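Trainee: Take a look at this one; I'll ask things after.
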Protein chains: 2
Amino acid sequence: MHASPSSRDKICEVAEALFARRGYAGVGLREVADAAGLGKSSLFHHFRSKAQLYCEVLDRVLRRMRERLDPVIRAPLPAPERLERWIEGLVDGLAEHPTTSRLLLRALFEEEEFIQAPPPELARAEQTLAGMIGDVQKILEEGVTSGAFRPVSVPHTVQSLIGASVYHFASAEIGEGVLGGPLFGAEAVSRQRTELTSLFRHGLIARPDPVDDL
Amino acid sequence: MHASPSSRDKICEVAEALFARRGYAGVGLREVADAAGLGKSSLFHHFRSKAQLYCEVLDRVLRRMRERLDPVIRAPLPAPERLERWIEGLVDGLAEHPTTSRLLLRALFEEEEFIQAPPPELARAEQTLAGMIGDVQKILEEGVTSGAFRPVSVPHTVQSLIGASVYHFASAEIGEGVLGGPLFGAEAVSRQRTELTSLFRHGLIARPDPVDDL
DNA sequence: GTCTATAGTGAGATAGAC
DNA sequence: GTCTATCTCACTATAGAC
């Protein structure tokens with residue numbers, strides 16, 4: 001929280017907003033430079049290429065999220081409670097910066113742009129993401145083996161959890177049409193927190209009286 | 001199912017694959033033309049612009065999905081059963097063409113490219129999507145008012161359902177890393193069908209013995 | 001209906017002055 | 001560390017022959 005961030009940080013900030021809005025291919029370095037108050041060529045003194053800039057922005061976003069979720073992982077709580085805290089942290093983290101969900105969802109697709117010559121920064125971002133996924137996977141596995149959760153497929157459940165939460169905040173006009181109001185308003189965020197936690201609580205908790213025969 | 005599709009259909013087919021893989025801004029018409037076995041200029045005899053081609057491809061994909069889900073909507077079944085059929089149809093439809101989920105997820109972002117001069121085809125695609133969302137919304141509302149489902153927020157639940165299903169099949173390498181195998185294999189698709197339906201069945205069904213005090 | 005040729009624009013990246 | 005100028009390349013779209 002410096003009063004005057006370095007040019008490098010400023011570039012990352014504006015690039016995060018632009019990449020989130022229009023994607024890797026849709027953003028020109030000219031636009032980034034203008035938004036950062038610099039000439040286009042000056043960017044190349046801070047980043048070797050557009051690809052490196054993008055990967056560094058992605059890694060920043062992932063680390064920001066992982067820092068937020070880290071204390072939850074270390075909390076000595078039973079799996080169901082820890083999962084709820086993790087979901088709440090994820091929702092709050094996604095709600096805090098509207099750029100995050102869009103950048104992360106887009107990252108699914110745009111990593112293919114770098115298969116030819118992946119910048120070293122991409123590997124860091126992938127490791128950060130893999131760590132977060134591994135963390136929530138452990139929570140679910142613990143819950144299943146302890147008998148607190150139904151014997152669900154942990155990988156598929158992880159996918160559903162990520163998809164439901166990230167998609168929601170990335171859904172833009174479509175999501176606002178479904179909700180009938182803003183996605184990032186305080187009330188909508190709070191509701192998303194409770195809806196998602198209760199959906200997965202009811203959906204996962206083991207029951208003495210299953211309805212699988214429905 | 002013609003033996004020799006028209007040039008127009010051929011262009012749409014290859015464009016669907018390319019747009020799904022690299023997005024609107026990431027695909028050049030040169031690439032589309034080459035893949036269709038045509039010269040680049042020939043595309044402009046079939047489509048007025050790149051934007052029109054994209055919107056027509058998007059509408060085709062949405063209509064393909066809606067046709068598949070239409071019989072489920074009209075089925076005279078209680079809400080919980082109809083929701084399960086709807087989810088199974090959605091999963092099967094997404095699994096059938098690996099391009100679909102990616103194209104639809106990307107459409108979230110890329111509609112912003114057309115706010116300046118939206119092609120008329122875009123409105124058709126948006127209507128098709130709005131219809132499908134309205135359909136599943138009605139199922140959920142029916143289930144909540146009949147007391148079969150908990151008193152969840154229908155809009156948030158719709159968002160979670162769409163997010164979980166579409167994200168899963170669009171998640172590419174990340175999803176395959178989580179699953180430890182291919183996303184579109186017969187076994188993985190079948191498992192996704194049962195995991196998603198049972199997650200929402202357990203997550204939504206009203207219970208005489210709630211655990212909301214957890 | 002498809003082609004070649006090209007207009008016109010903007011992209012990422014580099015060189016070198018200051 | 002920022003700038004101007006420039007290189008090279010790819011893009012969308014058009015014109016007009018066949």
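Residue numbering restarts at 1 in every chain; chains get A, B, ... in the order shown in the structure tokens, and ligands count up from 1 in that same order.
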Can you list, as a short mmCIF file (atom, residue, chain, number, x, y, z; two decimals) with N, CA and C atoms, in the first residue's frame, all residues belonging to chain B that DSSP tags as helix (DSSP H, G or I)?
Mentor:
```cif
data_model
loop_
_atom_site.label_atom_id
_atom_site.label_comp_id
_atom_site.auth_asym_id
_atom_site.auth_seq_id
_atom_site.Cartn_x
_atom_site.Cartn_y
_atom_site.Cartn_z
N SER B 7 -21.08 -24.83 -48.23
CA SER B 7 -19.91 -24.08 -47.79
C SER B 7 -20.21 -23.34 -46.50
N ARG B 8 -21.39 -22.78 -46.46
CA ARG B 8 -21.79 -22.03 -45.28
C ARG B 8 -21.73 -22.88 -44.01
N ASP B 9 -22.27 -24.11 -44.10
CA ASP B 9 -22.24 -24.99 -42.93
C ASP B 9 -20.81 -25.41 -42.59
N LYS B 10 -20.05 -25.67 -43.64
CA LYS B 10 -18.66 -26.06 -43.41
C LYS B 10 -17.91 -24.94 -42.68
N ILE B 11 -18.12 -23.73 -43.10
CA ILE B 11 -17.47 -22.59 -42.45
C ILE B 11 -17.89 -22.52 -40.99
N CYS B 12 -19.17 -22.68 -40.73
CA CYS B 12 -19.65 -22.63 -39.34
C CYS B 12 -19.01 -23.72 -38.49
N GLU B 13 -18.88 -24.90 -39.07
CA GLU B 13 -18.30 -26.01 -38.30
C GLU B 13 -16.86 -25.72 -37.89
N VAL B 14 -16.06 -25.33 -38.86
CA VAL B 14 -14.65 -25.10 -38.53
C VAL B 14 -14.51 -23.86 -37.67
N ALA B 15 -15.37 -22.86 -37.89
CA ALA B 15 -15.31 -21.65 -37.06
C ALA B 15 -15.68 -21.98 -35.62
N GLU B 16 -16.65 -22.88 -35.44
CA GLU B 16 -17.03 -23.27 -34.08
C GLU B 16 -15.83 -23.85 -33.34
N ALA B 17 -15.12 -24.73 -34.01
CA ALA B 17 -13.96 -25.35 -33.37
C ALA B 17 -12.89 -24.31 -33.04
N LEU B 18 -12.65 -23.41 -33.98
CA LEU B 18 -11.59 -22.43 -33.76
C LEU B 18 -11.96 -21.39 -32.70
N PHE B 19 -13.18 -20.88 -32.77
CA PHE B 19 -13.61 -19.91 -31.76
C PHE B 19 -13.61 -20.53 -30.37
N ALA B 20 -14.00 -21.80 -30.30
CA ALA B 20 -14.00 -22.47 -29.00
C ALA B 20 -12.58 -22.58 -28.45
N ARG B 21 -11.64 -22.83 -29.35
CA ARG B 21 -10.27 -23.07 -28.90
C ARG B 21 -9.54 -21.78 -28.56
N ARG B 22 -9.73 -20.75 -29.38
CA ARG B 22 -8.92 -19.55 -29.19
C ARG B 22 -9.70 -18.26 -29.03
N GLY B 23 -11.01 -18.32 -29.08
CA GLY B 23 -11.80 -17.12 -28.83
C GLY B 23 -11.92 -16.21 -30.02
N TYR B 24 -12.81 -15.24 -29.88
CA TYR B 24 -13.12 -14.36 -31.00
C TYR B 24 -11.88 -13.59 -31.47
N ALA B 25 -11.25 -12.90 -30.55
CA ALA B 25 -10.10 -12.07 -30.95
C ALA B 25 -8.91 -12.94 -31.37
N GLY B 26 -8.84 -14.14 -30.88
CA GLY B 26 -7.67 -14.97 -31.13
C GLY B 26 -7.71 -15.72 -32.46
N LEU B 29 -9.58 -14.77 -39.74
CA LEU B 29 -10.40 -15.34 -40.81
C LEU B 29 -9.55 -16.15 -41.77
N ARG B 30 -8.29 -15.84 -41.83
CA ARG B 30 -7.39 -16.64 -42.65
C ARG B 30 -7.39 -18.09 -42.22
N GLU B 31 -7.31 -18.26 -40.90
CA GLU B 31 -7.35 -19.60 -40.31
C GLU B 31 -8.66 -20.32 -40.63
N VAL B 32 -9.75 -19.60 -40.48
CA VAL B 32 -11.06 -20.18 -40.75
C VAL B 32 -11.14 -20.62 -42.21
N ALA B 33 -10.69 -19.75 -43.09
CA ALA B 33 -10.76 -20.05 -44.52
C ALA B 33 -9.93 -21.29 -44.85
N ASP B 34 -8.71 -21.32 -44.34
CA ASP B 34 -7.84 -22.47 -44.59
C ASP B 34 -8.51 -23.77 -44.12
N ALA B 35 -9.04 -23.74 -42.89
CA ALA B 35 -9.66 -24.93 -42.34
C ALA B 35 -10.90 -25.36 -43.13
N ALA B 36 -11.56 -24.40 -43.74
CA ALA B 36 -12.75 -24.72 -44.52
C ALA B 36 -12.40 -25.08 -45.96
N LYS B 40 -9.62 -16.78 -48.32
CA LYS B 40 -10.09 -15.92 -47.23
C LYS B 40 -11.25 -15.02 -47.67
N SER B 41 -11.14 -14.52 -48.90
CA SER B 41 -12.17 -13.58 -49.35
C SER B 41 -13.53 -14.25 -49.55
N SER B 42 -13.52 -15.56 -49.78
CA SER B 42 -14.79 -16.24 -50.02
C SER B 42 -15.70 -16.19 -48.81
N LEU B 43 -15.11 -16.04 -47.62
CA LEU B 43 -15.94 -15.99 -46.43
C LEU B 43 -16.92 -14.83 -46.47
N PHE B 44 -16.50 -13.75 -47.11
CA PHE B 44 -17.33 -12.55 -47.10
C PHE B 44 -18.52 -12.65 -48.05
N HIS B 45 -18.55 -13.70 -48.85
CA HIS B 45 -19.75 -13.94 -49.65
C HIS B 45 -20.82 -14.65 -48.84
N HIS B 46 -20.41 -15.26 -47.72
CA HIS B 46 -21.37 -15.99 -46.89
C HIS B 46 -21.71 -15.23 -45.61
N LYS B 50 -16.75 -10.77 -39.64
CA LYS B 50 -16.32 -11.73 -38.64
C LYS B 50 -17.31 -11.79 -37.48
N ALA B 51 -17.80 -10.62 -37.08
CA ALA B 51 -18.73 -10.58 -35.96
C ALA B 51 -20.00 -11.36 -36.27
N GLN B 52 -20.49 -11.22 -37.50
CA GLN B 52 -21.70 -11.95 -37.85
C GLN B 52 -21.45 -13.45 -37.84
N LEU B 53 -20.32 -13.86 -38.38
CA LEU B 53 -19.99 -15.29 -38.37
C LEU B 53 -19.97 -15.82 -36.94
N TYR B 54 -19.32 -15.09 -36.06
CA TYR B 54 -19.22 -15.54 -34.68
C TYR B 54 -20.61 -15.69 -34.05
N CYS B 55 -21.43 -14.66 -34.21
CA CYS B 55 -22.76 -14.69 -33.57
C CYS B 55 -23.61 -15.82 -34.14
N GLU B 56 -23.44 -16.11 -35.41
CA GLU B 56 -24.23 -17.20 -36.00
C GLU B 56 -23.75 -18.55 -35.45
N VAL B 57 -22.46 -18.71 -35.29
CA VAL B 57 -21.93 -19.93 -34.69
C VAL B 57 -22.48 -20.09 -33.27
N LEU B 58 -22.45 -19.01 -32.51
CA LEU B 58 -22.94 -19.06 -31.14
C LEU B 58 -24.42 -19.45 -31.09
N ASP B 59 -25.20 -18.87 -31.97
CA ASP B 59 -26.62 -19.20 -31.99
C ASP B 59 -26.86 -20.66 -32.36
N ARG B 60 -26.10 -21.17 -33.30
CA ARG B 60 -26.22 -22.59 -33.65
C ARG B 60 -25.99 -23.48 -32.45
N VAL B 61 -24.94 -23.18 -31.70
CA VAL B 61 -24.61 -24.01 -30.54
C VAL B 61 -25.72 -23.95 -29.49
N LEU B 62 -26.22 -22.74 -29.26
CA LEU B 62 -27.28 -22.59 -28.26
C LEU B 62 -28.56 -23.32 -28.68
N ARG B 63 -28.89 -23.23 -29.96
CA ARG B 63 -30.11 -23.91 -30.42
C ARG B 63 -29.96 -25.43 -30.35
N ARG B 64 -28.77 -25.91 -30.67
CA ARG B 64 -28.52 -27.35 -30.56
C ARG B 64 -28.81 -27.80 -29.13
N MET B 65 -28.33 -27.02 -28.15
CA MET B 65 -28.55 -27.39 -26.76
C MET B 65 -30.02 -27.26 -26.38
N ARG B 66 -30.65 -26.21 -26.84
CA ARG B 66 -32.04 -26.02 -26.44
C ARG B 66 -32.95 -27.11 -27.00
N GLU B 67 -32.68 -27.52 -28.23
CA GLU B 67 -33.46 -28.61 -28.82
C GLU B 67 -33.37 -29.87 -27.97
N ARG B 68 -32.17 -30.12 -27.45
CA ARG B 68 -31.99 -31.31 -26.64
C ARG B 68 -32.76 -31.23 -25.33
N LEU B 69 -32.83 -30.03 -24.76
CA LEU B 69 -33.46 -29.89 -23.44
C LEU B 69 -34.96 -29.64 -23.52
N ASP B 70 -35.43 -29.33 -24.71
CA ASP B 70 -36.84 -28.98 -24.84
C ASP B 70 -37.79 -30.07 -24.36
N PRO B 71 -37.61 -31.34 -24.76
CA PRO B 71 -38.55 -32.37 -24.30
C PRO B 71 -38.59 -32.49 -22.79
N VAL B 72 -37.46 -32.26 -22.12
CA VAL B 72 -37.45 -32.36 -20.66
C VAL B 72 -38.37 -31.31 -20.05
N ILE B 73 -38.34 -30.11 -20.64
CA ILE B 73 -39.16 -29.03 -20.10
C ILE B 73 -40.64 -29.37 -20.17
N ARG B 74 -41.02 -30.03 -21.26
CA ARG B 74 -42.44 -30.34 -21.45
C ARG B 74 -42.89 -31.60 -20.72
N ALA B 79 -41.07 -31.52 -10.01
CA ALA B 79 -39.89 -30.68 -10.20
C ALA B 79 -38.57 -31.40 -9.94
N PRO B 80 -38.44 -32.16 -8.87
CA PRO B 80 -37.13 -32.79 -8.63
C PRO B 80 -36.72 -33.73 -9.75
N GLU B 81 -37.65 -34.53 -10.25
CA GLU B 81 -37.31 -35.43 -11.34
C GLU B 81 -36.99 -34.64 -12.61
N ARG B 82 -37.77 -33.60 -12.86
CA ARG B 82 -37.53 -32.84 -14.08
C ARG B 82 -36.18 -32.14 -14.02
N LEU B 83 -35.82 -31.66 -12.83
CA LEU B 83 -34.51 -31.02 -12.70
C LEU B 83 -33.40 -32.02 -12.98
N GLU B 84 -33.56 -33.23 -12.48
CA GLU B 84 -32.53 -34.25 -12.73
C GLU B 84 -32.39 -34.56 -14.21
N ARG B 85 -33.53 -34.69 -14.88
CA ARG B 85 -33.47 -34.94 -16.33
C ARG B 85 -32.80 -33.77 -17.05
N TRP B 86 -33.13 -32.57 -16.58
CA TRP B 86 -32.56 -31.37 -17.22
C TRP B 86 -31.04 -31.35 -17.04
N ILE B 87 -30.59 -31.65 -15.84
CA ILE B 87 -29.15 -31.67 -15.59
C ILE B 87 -28.48 -32.75 -16.44
N GLU B 88 -29.11 -33.93 -16.50
CA GLU B 88 -28.53 -35.00 -17.31
C GLU B 88 -28.46 -34.60 -18.78
N GLY B 89 -29.51 -33.96 -19.26
CA GLY B 89 -29.49 -33.49 -20.65
C GLY B 89 -28.42 -32.45 -20.89
N LEU B 90 -28.27 -31.56 -19.93
CA LEU B 90 -27.23 -30.53 -20.07
C LEU B 90 -25.84 -31.16 -20.09
N VAL B 91 -25.60 -32.07 -19.17
CA VAL B 91 -24.29 -32.73 -19.12
C VAL B 91 -24.03 -33.50 -20.41
N ASP B 92 -25.03 -34.26 -20.86
CA ASP B 92 -24.85 -35.03 -22.09
C ASP B 92 -24.62 -34.10 -23.28
N GLY B 93 -25.36 -33.01 -23.34
CA GLY B 93 -25.18 -32.07 -24.44
C GLY B 93 -23.81 -31.44 -24.44
N LEU B 94 -23.32 -31.08 -23.26
CA LEU B 94 -21.99 -30.48 -23.16
C LEU B 94 -20.92 -31.51 -23.49
N ALA B 95 -21.17 -32.77 -23.13
CA ALA B 95 -20.17 -33.81 -23.35
C ALA B 95 -20.10 -34.23 -24.81
N GLU B 96 -21.20 -34.02 -25.53
CA GLU B 96 -21.26 -34.51 -26.91
C GLU B 96 -20.30 -33.76 -27.82
N PRO B 98 -17.18 -31.26 -27.46
CA PRO B 98 -16.26 -30.57 -26.55
C PRO B 98 -16.14 -29.07 -26.81
N THR B 99 -16.59 -28.64 -27.98
CA THR B 99 -16.51 -27.20 -28.27
C THR B 99 -17.56 -26.40 -27.51
N THR B 100 -18.67 -27.05 -27.19
CA THR B 100 -19.82 -26.29 -26.68
C THR B 100 -19.52 -25.52 -25.41
N SER B 101 -19.01 -26.21 -24.39
CA SER B 101 -18.81 -25.55 -23.11
C SER B 101 -17.83 -24.39 -23.23
N ARG B 102 -16.80 -24.58 -24.03
CA ARG B 102 -15.82 -23.50 -24.16
C ARG B 102 -16.42 -22.30 -24.88
N LEU B 103 -17.17 -22.57 -25.92
CA LEU B 103 -17.79 -21.48 -26.66
C LEU B 103 -18.76 -20.72 -25.77
N LEU B 104 -19.54 -21.44 -24.98
CA LEU B 104 -20.53 -20.78 -24.14
C LEU B 104 -19.88 -19.99 -23.02
N LEU B 105 -18.86 -20.56 -22.40
CA LEU B 105 -18.18 -19.82 -21.34
C LEU B 105 -17.52 -18.57 -21.91
N ARG B 106 -16.91 -18.70 -23.05
CA ARG B 106 -16.26 -17.54 -23.65
C ARG B 106 -17.26 -16.49 -24.04
N ALA B 107 -18.48 -16.93 -24.40
CA ALA B 107 -19.50 -15.98 -24.82
C ALA B 107 -19.81 -14.98 -23.71
N LEU B 108 -19.63 -15.42 -22.46
CA LEU B 108 -19.82 -14.51 -21.33
C LEU B 108 -19.00 -13.25 -21.51
N PHE B 109 -17.78 -13.45 -21.96
CA PHE B 109 -16.84 -12.34 -22.03
C PHE B 109 -16.95 -11.61 -23.35
N GLU B 110 -17.17 -12.37 -24.39
CA GLU B 110 -16.95 -11.80 -25.71
C GLU B 110 -18.13 -11.02 -26.22
N GLU B 111 -19.26 -11.12 -25.51
CA GLU B 111 -20.37 -10.28 -25.95
C GLU B 111 -20.02 -8.81 -25.80
N GLU B 112 -19.05 -8.51 -24.97
CA GLU B 112 -18.64 -7.11 -24.81
C GLU B 112 -18.01 -6.54 -26.08
N GLU B 113 -17.53 -7.42 -26.93
CA GLU B 113 -16.91 -6.95 -28.17
C GLU B 113 -17.93 -6.33 -29.10
N PHE B 114 -19.21 -6.62 -28.86
CA PHE B 114 -20.23 -6.24 -29.83
C PHE B 114 -21.17 -5.16 -29.31
N PRO B 120 -27.39 -8.36 -35.79
CA PRO B 120 -28.74 -8.83 -35.45
C PRO B 120 -28.74 -10.27 -34.97
N GLU B 121 -27.76 -11.08 -35.43
CA GLU B 121 -27.72 -12.48 -35.02
C GLU B 121 -27.47 -12.61 -33.51
N LEU B 122 -26.82 -11.61 -32.92
CA LEU B 122 -26.52 -11.67 -31.49
C LEU B 122 -27.81 -11.69 -30.68
N ALA B 123 -28.78 -10.91 -31.09
CA ALA B 123 -30.04 -10.86 -30.35
C ALA B 123 -30.72 -12.23 -30.36
N ARG B 124 -30.68 -12.92 -31.48
CA ARG B 124 -31.28 -14.26 -31.54
C ARG B 124 -30.59 -15.18 -30.55
N ALA B 125 -29.28 -15.15 -30.52
CA ALA B 125 -28.55 -16.01 -29.59
C ALA B 125 -28.92 -15.68 -28.15
N GLU B 126 -29.02 -14.40 -27.85
CA GLU B 126 -29.35 -14.01 -26.47
C GLU B 126 -30.75 -14.48 -26.10
N GLN B 127 -31.67 -14.42 -27.04
CA GLN B 127 -33.02 -14.91 -26.76
C GLN B 127 -33.03 -16.41 -26.50
N THR B 128 -32.29 -17.14 -27.31
CA THR B 128 -32.21 -18.58 -27.11
C THR B 128 -31.70 -18.91 -25.71
N LEU B 129 -30.64 -18.23 -25.31
CA LEU B 129 -30.07 -18.46 -23.98
C LEU B 129 -31.05 -18.07 -22.89
N ALA B 130 -31.68 -16.91 -23.04
CA ALA B 130 -32.63 -16.46 -22.02
C ALA B 130 -33.77 -17.46 -21.86
N GLY B 131 -34.18 -18.07 -22.97
CA GLY B 131 -35.24 -19.07 -22.90
C GLY B 131 -34.82 -20.27 -22.07
N MET B 132 -33.62 -20.77 -22.33
CA MET B 132 -33.14 -21.93 -21.57
C MET B 132 -33.03 -21.62 -20.08
N ILE B 133 -32.51 -20.45 -19.77
CA ILE B 133 -32.37 -20.07 -18.36
C ILE B 133 -33.74 -19.93 -17.72
N GLY B 134 -34.68 -19.33 -18.44
CA GLY B 134 -36.03 -19.21 -17.91
C GLY B 134 -36.66 -20.57 -17.64
N ASP B 135 -36.38 -21.53 -18.51
CA ASP B 135 -36.94 -22.87 -18.33
C ASP B 135 -36.49 -23.50 -17.02
N VAL B 136 -35.18 -23.47 -16.76
CA VAL B 136 -34.71 -24.14 -15.54
C VAL B 136 -35.12 -23.34 -14.31
N GLN B 137 -35.22 -22.02 -14.48
CA GLN B 137 -35.70 -21.20 -13.39
C GLN B 137 -37.12 -21.62 -12.98
N LYS B 138 -37.95 -21.90 -13.98
CA LYS B 138 -39.33 -22.30 -13.69
C LYS B 138 -39.36 -23.63 -12.93
N ILE B 139 -38.50 -24.56 -13.34
CA ILE B 139 -38.45 -25.83 -12.61
C ILE B 139 -38.13 -25.61 -11.14
N LEU B 140 -37.11 -24.80 -10.90
CA LEU B 140 -36.71 -24.57 -9.51
C LEU B 140 -37.80 -23.86 -8.72
N GLU B 141 -38.42 -22.87 -9.35
CA GLU B 141 -39.49 -22.15 -8.65
C GLU B 141 -40.64 -23.09 -8.29
N GLU B 142 -40.97 -23.95 -9.23
CA GLU B 142 -42.03 -24.92 -8.97
C GLU B 142 -41.67 -25.81 -7.79
N GLY B 143 -40.40 -26.25 -7.76
CA GLY B 143 -39.98 -27.12 -6.66
C GLY B 143 -39.99 -26.41 -5.32
N VAL B 144 -39.63 -25.15 -5.31
CA VAL B 144 -39.60 -24.41 -4.05
C VAL B 144 -41.02 -24.14 -3.55
N THR B 145 -41.89 -23.67 -4.47
CA THR B 145 -43.25 -23.35 -4.02
C THR B 145 -44.04 -24.60 -3.64
N VAL B 154 -33.68 -19.00 -6.00
CA VAL B 154 -33.69 -19.62 -7.32
C VAL B 154 -32.62 -19.04 -8.24
N PRO B 155 -32.45 -17.72 -8.32
CA PRO B 155 -31.41 -17.20 -9.21
C PRO B 155 -30.01 -17.69 -8.86
N HIS B 156 -29.67 -17.68 -7.57
CA HIS B 156 -28.33 -18.14 -7.20
C HIS B 156 -28.15 -19.63 -7.51
N THR B 157 -29.21 -20.39 -7.35
CA THR B 157 -29.11 -21.82 -7.64
C THR B 157 -28.93 -22.06 -9.14
N VAL B 158 -29.66 -21.30 -9.95
CA VAL B 158 -29.46 -21.39 -11.39
C VAL B 158 -28.01 -21.09 -11.75
N GLN B 159 -27.47 -20.05 -11.14
CA GLN B 159 -26.08 -19.71 -11.42
C GLN B 159 -25.13 -20.85 -11.04
N SER B 160 -25.37 -21.44 -9.87
CA SER B 160 -24.50 -22.53 -9.43
C SER B 160 -24.59 -23.72 -10.37
N LEU B 161 -25.79 -24.01 -10.82
CA LEU B 161 -25.99 -25.16 -11.70
C LEU B 161 -25.30 -24.95 -13.04
N ILE B 162 -25.50 -23.80 -13.62
CA ILE B 162 -24.85 -23.50 -14.89
C ILE B 162 -23.33 -23.50 -14.71
N GLY B 163 -22.88 -22.81 -13.68
CA GLY B 163 -21.44 -22.71 -13.46
C GLY B 163 -20.78 -24.06 -13.28
N ALA B 164 -21.37 -24.89 -12.44
CA ALA B 164 -20.76 -26.18 -12.15
C ALA B 164 -20.70 -27.05 -13.41
N SER B 165 -21.75 -27.04 -14.20
CA SER B 165 -21.79 -27.95 -15.36
C SER B 165 -20.95 -27.43 -16.52
N VAL B 166 -21.10 -26.16 -16.84
CA VAL B 166 -20.36 -25.63 -17.98
C VAL B 166 -18.87 -25.55 -17.68
N TYR B 167 -18.55 -25.07 -16.48
CA TYR B 167 -17.13 -24.97 -16.13
C TYR B 167 -16.43 -26.33 -16.25
N HIS B 168 -17.10 -27.34 -15.73
CA HIS B 168 -16.46 -28.66 -15.70
C HIS B 168 -15.90 -29.06 -17.06
N PHE B 169 -16.75 -28.96 -18.07
CA PHE B 169 -16.32 -29.43 -19.39
C PHE B 169 -15.44 -28.43 -20.12
N ALA B 170 -15.40 -27.22 -19.62
CA ALA B 170 -14.54 -26.22 -20.24
C ALA B 170 -13.18 -26.15 -19.57
N ALA B 172 -10.57 -28.00 -19.30
CA ALA B 172 -9.38 -28.37 -20.04
C ALA B 172 -8.29 -29.00 -19.17
N GLU B 173 -7.07 -28.56 -19.35
CA GLU B 173 -5.95 -29.19 -18.64
C GLU B 173 -6.13 -29.13 -17.14
N ILE B 174 -6.67 -28.02 -16.64
CA ILE B 174 -6.85 -27.89 -15.20
C ILE B 174 -7.83 -28.95 -14.71
N GLY B 175 -8.95 -29.09 -15.39
CA GLY B 175 -9.91 -30.10 -14.99
C GLY B 175 -9.36 -31.51 -15.13
N GLU B 176 -8.58 -31.74 -16.16
CA GLU B 176 -8.00 -33.07 -16.33
C GLU B 176 -6.97 -33.35 -15.25
N GLY B 177 -6.30 -32.30 -14.79
CA GLY B 177 -5.39 -32.47 -13.67
C GLY B 177 -6.15 -32.85 -12.41
N VAL B 178 -7.28 -32.23 -12.16
CA VAL B 178 -8.07 -32.52 -10.97
C VAL B 178 -8.63 -33.94 -11.06
N LEU B 179 -9.16 -34.29 -12.23
CA LEU B 179 -9.75 -35.61 -12.39
C LEU B 179 -8.69 -36.71 -12.51
N ALA B 186 -15.96 -41.67 -21.55
CA ALA B 186 -17.31 -42.13 -21.21
C ALA B 186 -17.51 -42.25 -19.71
N GLU B 187 -16.51 -42.74 -19.03
CA GLU B 187 -16.64 -42.93 -17.59
C GLU B 187 -16.72 -41.60 -16.85
N ALA B 188 -15.87 -40.66 -17.25
CA ALA B 188 -15.86 -39.36 -16.59
C ALA B 188 -17.18 -38.62 -16.82
N VAL B 189 -17.73 -38.74 -18.03
CA VAL B 189 -19.00 -38.07 -18.32
C VAL B 189 -20.12 -38.70 -17.49
N SER B 190 -20.14 -40.01 -17.44
CA SER B 190 -21.17 -40.69 -16.66
C SER B 190 -21.07 -40.32 -15.19
N ARG B 191 -19.86 -40.23 -14.71
CA ARG B 191 -19.68 -39.86 -13.30
C ARG B 191 -20.12 -38.42 -13.04
N GLN B 192 -19.81 -37.55 -13.97
CA GLN B 192 -20.22 -36.15 -13.82
C GLN B 192 -21.75 -36.05 -13.77
N ARG B 193 -22.40 -36.87 -14.58
CA ARG B 193 -23.86 -36.87 -14.57
C ARG B 193 -24.39 -37.24 -13.19
N THR B 194 -23.89 -38.35 -12.64
CA THR B 194 -24.42 -38.78 -11.34
C THR B 194 -23.97 -37.86 -10.20
N GLU B 195 -22.74 -37.37 -10.26
CA GLU B 195 -22.27 -36.49 -9.18
C GLU B 195 -23.06 -35.19 -9.14
N LEU B 196 -23.31 -34.63 -10.30
CA LEU B 196 -24.00 -33.35 -10.35
C LEU B 196 -25.47 -33.50 -9.94
N THR B 197 -26.12 -34.54 -10.46
CA THR B 197 -27.52 -34.73 -10.07
C THR B 197 -27.63 -35.02 -8.58
N SER B 198 -26.74 -35.83 -8.04
CA SER B 198 -26.89 -36.16 -6.61
C SER B 198 -26.49 -34.97 -5.74
N LEU B 199 -25.53 -34.18 -6.19
CA LEU B 199 -25.18 -32.98 -5.42
C LEU B 199 -26.38 -32.05 -5.30
N PHE B 200 -27.06 -31.83 -6.42
CA PHE B 200 -28.20 -30.92 -6.37
C PHE B 200 -29.44 -31.59 -5.74
N ARG B 201 -29.56 -32.89 -5.90
CA ARG B 201 -30.68 -33.56 -5.24
C ARG B 201 -30.54 -33.42 -3.72
N HIS B 202 -29.39 -33.82 -3.20
CA HIS B 202 -29.18 -33.69 -1.76
C HIS B 202 -29.16 -32.23 -1.34
N GLY B 203 -28.63 -31.37 -2.21
CA GLY B 203 -28.49 -29.97 -1.84
C GLY B 203 -29.79 -29.21 -1.82
N LEU B 204 -30.77 -29.68 -2.58
CA LEU B 204 -32.01 -28.90 -2.71
C LEU B 204 -33.20 -29.50 -1.99
#
```
Trainee: Within 12 Å of chain A, which residues belong to chain D? Use only C-alpha atoms (C1' of nucleotides) and report them as JSON, numbers by chain.
Mentor: {"D": [1, 2, 3, 4, 5, 6]}
Trainee: With the cut-off set at 9 Å and counting only C-alpha atoms (C1' of nucleotides), tabulate each residue of chain C with an atom at most that distance from an atom of chain A, showing the nearest atom pair and its distance in Å to one decimal, ordered by chain and increasing number, as a Markdown table.
Mentor:
```
| residue | atom | partner | partner_atom | distance |
| --- | --- | --- | --- | --- |
| C:DA11 | C1' | A:Gly28 | CA | 7.2 |
| C:DG12 | C1' | A:Lys50 | CA | 7.8 |
| C:DA13 | C1' | A:Ser49 | CA | 8.1 |
```
Trainee: To one decimal place in Å, what is the distance between CA of Leu183 in chain B and CA of Val152 in chain A?
Mentor: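 Between CA of Leu183 in chain B and CA of Val152 in chain A the gap is 17.2 Å.
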Trainee: Residues near DA17 in chain D, anyone? I mean within 12 Å using only C-alpha atoms (C1' of nucleotides), not counting same-chain ones fewer than 5 positions away, as an MDAnalysis selection string.
Mentor: chainID C and resid 2:5
